[in-house]
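entry-v2.txt (compact mmCIF, C-alpha atoms)
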```
# COMPACT_ATOMS: atom_id res chain seq x y z
CA GLU T 139 90.30 133.43 107.78
CA PHE T 140 92.46 130.69 109.33
CA ALA T 141 95.87 130.12 107.71
CA VAL T 142 99.27 128.65 108.59
CA ALA T 143 102.61 129.34 106.89
CA VAL T 144 106.00 127.67 107.39
CA GLY T 145 109.52 128.43 106.26
CA HIS T 146 113.19 128.98 106.96
CA ASP T 147 114.79 127.61 110.15
CA GLY T 148 111.54 126.03 111.34
CA ALA T 149 109.42 129.19 111.25
CA VAL T 150 105.69 128.59 111.81
CA VAL T 151 103.18 131.45 111.81
CA TYR T 152 99.39 131.42 111.74
CA THR T 153 96.35 133.66 111.78
CA GLU T 154 92.87 133.04 113.13
CA ASP T 155 91.33 136.24 111.83
CA GLY T 156 93.02 136.61 108.43
CA LEU T 157 94.56 139.92 109.50
CA SER T 158 97.23 139.40 112.14
CA PHE T 159 99.86 136.63 112.17
CA GLY T 160 101.73 135.30 115.18
CA ALA T 161 104.42 132.68 115.65
CA THR T 162 103.65 129.37 117.32
CA THR T 163 105.03 128.87 120.81
CA SER T 164 107.35 126.11 119.56
CA SER T 165 108.86 124.74 116.37
CA PRO T 166 109.51 121.10 115.49
CA VAL T 167 113.01 121.95 114.17
CA GLY T 168 115.73 124.49 114.77
CA ALA T 169 118.17 126.58 112.78
CA GLY T 170 119.44 124.97 109.61
CA VAL T 171 116.32 122.91 108.89
CA ASN T 172 113.57 124.44 106.79
CA LEU T 173 109.90 123.58 106.81
CA ASN T 174 108.92 123.03 103.17
CA ALA T 175 105.36 121.83 103.52
CA ILE T 176 102.30 122.45 105.67
CA CYS T 177 98.98 120.64 105.69
CA VAL T 178 96.24 122.04 107.88
CA VAL T 179 93.86 119.14 108.46
CA ASP T 180 91.81 121.24 110.88
CA GLU T 181 92.48 124.28 113.07
CA ASP T 182 94.30 122.17 115.67
CA TYR T 183 95.82 119.33 113.61
CA TRP T 184 98.71 120.31 111.29
CA LEU T 185 101.43 118.31 109.55
CA VAL T 186 104.75 119.83 108.44
CA GLY T 187 107.46 118.41 106.19
CA THR T 188 111.14 119.28 106.44
CA SER T 189 114.16 119.86 104.22
CA ASP T 190 115.82 116.84 105.87
CA GLY T 191 113.01 114.41 105.03
CA ARG T 192 111.08 114.32 108.28
CA LEU T 193 107.40 114.74 109.12
CA PHE T 194 106.02 116.32 112.30
CA TYR T 195 102.48 116.86 113.53
CA THR T 196 100.70 118.91 116.17
CA PHE T 197 97.22 118.52 117.65
CA ASN T 198 97.37 121.85 119.54
CA LYS T 199 98.16 124.63 117.03
CA GLY T 200 101.93 124.24 117.33
CA LYS T 201 102.29 124.29 121.10
CA SER T 202 103.99 120.87 120.88
CA TRP T 203 105.19 118.72 117.97
CA THR T 204 105.68 114.98 117.47
CA LEU T 205 107.96 113.30 114.93
CA LYS T 206 106.09 110.81 112.71
CA GLY T 207 108.02 108.20 110.77
CA PHE T 208 107.16 106.98 107.27
CA PRO T 209 109.02 104.69 104.84
CA GLY T 210 112.25 106.55 104.03
CA SER T 211 111.81 109.30 106.63
CA GLY T 212 114.95 111.12 107.73
CA THR T 213 116.40 111.12 104.21
CA GLY T 214 115.77 113.33 101.22
CA VAL T 215 113.16 116.10 101.34
CA VAL T 216 109.43 116.36 102.08
CA TYR T 217 108.11 118.81 99.48
CA ASP T 218 104.34 118.76 99.95
CA ILE T 219 101.51 117.37 102.07
CA ASP T 220 97.85 117.51 101.07
CA ALA T 221 94.72 116.17 102.76
CA ALA T 222 91.80 114.85 100.75
CA THR T 223 89.82 114.20 103.95
CA HIS T 224 90.60 114.11 107.65
CA SER T 225 91.71 110.50 107.12
CA VAL T 226 93.23 110.40 103.60
CA ILE T 227 96.45 112.41 103.41
CA TYR T 228 99.18 112.44 100.73
CA LEU T 229 102.90 113.18 101.09
CA ALA T 230 105.42 114.09 98.34
CA HIS T 231 108.88 112.84 99.32
CA THR T 232 112.12 112.75 97.37
CA THR T 233 114.71 110.23 98.49
CA ALA T 234 118.40 111.02 98.96
CA ALA T 235 118.93 109.29 95.58
CA ASN T 236 116.72 111.89 93.82
CA ALA T 237 113.70 109.67 93.27
CA GLY T 238 110.32 111.33 93.77
CA ARG T 239 107.49 109.34 95.30
CA ILE T 240 104.06 109.76 96.80
CA LEU T 241 102.87 108.21 100.06
CA ARG T 242 99.28 107.95 101.27
CA SER T 243 97.77 107.59 104.70
CA PHE T 244 94.26 106.21 105.23
CA ASP T 245 94.28 106.87 108.96
CA GLY T 246 94.98 110.59 109.29
CA GLY T 247 98.77 110.31 109.12
CA TYR T 248 99.28 107.48 111.59
CA SER T 249 100.64 105.08 108.96
CA TRP T 250 101.96 105.66 105.43
CA ASN T 251 102.14 103.53 102.27
CA LEU T 252 103.86 104.16 98.97
CA ILE T 253 101.55 104.54 95.97
CA PRO T 254 100.71 103.13 93.62
CA GLU T 255 100.12 100.00 95.62
CA GLY T 256 100.61 96.56 94.10
CA THR T 257 102.94 95.95 91.16
CA ALA T 258 102.53 99.33 89.42
CA VAL T 259 105.27 101.95 89.80
CA LEU T 260 105.51 105.69 89.25
CA PRO T 261 107.42 106.74 86.14
CA ALA T 262 111.06 107.61 86.84
CA ASN T 263 111.46 111.18 88.12
CA ASP T 264 113.90 113.28 90.13
CA LYS T 265 111.34 114.82 92.47
CA ILE T 266 107.66 115.44 93.05
CA LYS T 267 107.33 118.94 94.49
CA ALA T 268 103.58 119.57 94.46
CA LEU T 269 100.41 117.59 95.07
CA ALA T 270 96.76 118.28 94.30
CA VAL T 271 93.93 116.11 95.59
CA CYS T 272 90.43 115.94 94.18
CA GLU T 273 87.73 117.27 96.49
CA PHE T 274 85.25 114.77 95.00
CA ASP T 275 87.46 111.64 95.00
CA ALA T 276 89.86 111.12 97.93
CA ASN T 277 91.67 108.41 95.94
CA LEU T 278 92.70 110.77 93.12
CA VAL T 279 95.96 112.69 93.49
CA ILE T 280 98.08 114.57 90.95
CA GLY T 281 101.79 115.13 91.47
CA GLY T 282 104.06 117.55 89.64
CA GLY T 283 107.82 117.95 89.67
CA LEU T 284 111.03 117.31 87.78
CA ALA T 285 111.38 114.53 85.21
CA ASP T 286 114.11 111.91 85.36
CA ASP T 287 116.32 113.85 82.93
CA GLY T 288 116.54 116.77 85.38
CA VAL T 289 115.34 119.23 82.72
CA ASP T 290 111.70 118.60 81.85
CA GLY T 291 108.59 118.85 83.98
CA PHE T 292 106.80 115.79 85.30
CA ILE T 293 103.11 115.19 86.04
CA VAL T 294 101.63 111.96 87.35
CA VAL T 295 98.00 111.08 88.05
CA ALA T 296 97.40 108.32 90.59
CA GLN T 297 93.98 106.85 91.26
CA ASP T 298 92.81 103.70 93.03
```

Write out the structure in this file as structure tokens.
Amino acid sequence: EFAVAVGHDGAVVYTEDGLSFGATTSSPVGAGVNLNAICVVDEDYWLVGTSDGRLFYTFNKGKSWTLKGFPGSGTGVVYDIDAATHSVIYLAHTTAANAGRILRSFDGGYSWNLIPEGTAVLPANDKIKALAVCEFDANLVIGGGLADDGVDGFIVVAQD
């Protein structure tokens, strides 16, 4: 029954009964910046991603918002955010140079690391627009988007 939706010019609406929606008392961004992604970690803790590559969070159902940096934040676009657990959260970000990447947090969004970690790299792609995490394995994430040629689809499976 609880749901949150985001959109154009920083719009954030939510419902607690599944029937009636209302706008939050504040938005992390203003006119001209769209919210592309929402991750509801719990009823109070939400993360939103923006069309200008930033990440914001709230711990009070959108009454106030805090900007959270990550490697490359403030450039490109945040397309998706998905939580495997309260601690393990994934972020799909495309850089200003049209290179899609996935970041992971092990501490509930406090810090972010590019995946895969170590010497492995994601195959070349223009953007990763959607993420899916496994409910049984917090270290398994699937990303989908646009291949490096700008025409074909792209799917990547990352697992540690």

Extract, using all atoms listed in the file, all DNA, RNA and protein residues at most 6 Å from range 224-232 of chain T, discarding same-chain residues fewer than 4 positions from it, and format them as JSON, numbers by chain. {"T": [214, 215, 216, 217, 218, 219, 220, 236, 237, 238, 239, 240, 241, 242, 243, 244, 245, 246, 265, 266]}

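When CA of Ala276 in chain T is paired with CA of Gln297 in chain T, their separation reads 8.9 Å.
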
Selection as a ChimeraX atom specification: residues within 12 Å of (99.5, 130.2, 112.2), counting all atoms listed in the file: /T:139-145,149-165,176-178,180-184,198-201

So the first atom is CA of Ala221 in chain T and the second is CA of Glu273 in chain T; what is the distance between them in Å, to one decimal place?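 Going from CA of Ala221 in chain T over to CA of Glu273 in chain T covers 9.5 Å.
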
Can you list, as a list in words, every protein, DNA or RNA residue that comes within 8 Å of Ile293 in chain T when you count only C-alpha atoms, leaving out same-chain residues fewer than 4 positions away? Ile280, Gly281, Gly282 and Gly283 of chain T

Might I get the box with edges along x, y and z of the file that holds all atoms of range 270-286 of chain T listed there, padded by 3 Å on every side, given as centre and edge lengths in Å to one decimal, as AutoDock Vina command-line options?
```
--center_x 99.7 --center_y 113.3 --center_z 91.6 --size_x 34.9 --size_y 15.9 --size_z 18.7
```

Between T:Leu278, T:Thr233, T:Val294, T:Thr204, smallest distance to Gly191 in chain T by all atoms listed in the file belongs to T:Thr233

Once you count all atoms listed in the file, which residues end up no further than 7 Å from (102.7, 105.2, 109.8) in the file's frame, shown as a list of chain:residue names?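 Every polymer residue passing the test: T:Gly207, T:Phe208, T:Gly247, T:Tyr248, T:Ser249, T:Trp250.
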
In Å to one decimal, how far is CA of Ala270 in chain T from CA of Tyr195 in chain T?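 CA of Ala270 in chain T lies at a distance of 20.1 Å from CA of Tyr195 in chain T.
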
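Taking all atoms listed in the file, the non-local environment of Ala258 in chain T within 12 Å (same-chain residues fewer than 4 positions away omitted) comprises T:Leu252, T:Ile253, T:Pro254, T:Ala296, T:Gln297, T:Asp298.
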
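Candidate residues T:Pro166, T:Gly148, T:Gly291, T:Pro209 were compared for distance to Thr196 in chain T, and the nearest is T:Pro166, using all atoms listed in the file.
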
Using all atoms listed in the file, can you tell me which of T:Ala235, T:Leu260, T:Val289, T:Ala268 comes closest to Asn174 in chain T? T:Ala268

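Ranking T:Val171, T:Asn277, T:Phe197, T:Asp147 by their shortest atom-to-atom distance to Glu255 in chain T, with all atoms listed in the file included, puts T:Asn277 first.
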
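Nearest residue to Ala175 in chain T among T:Lys267, T:Val279, T:Ala285, T:Gly256 is T:Lys267, counting all atoms listed in the file.
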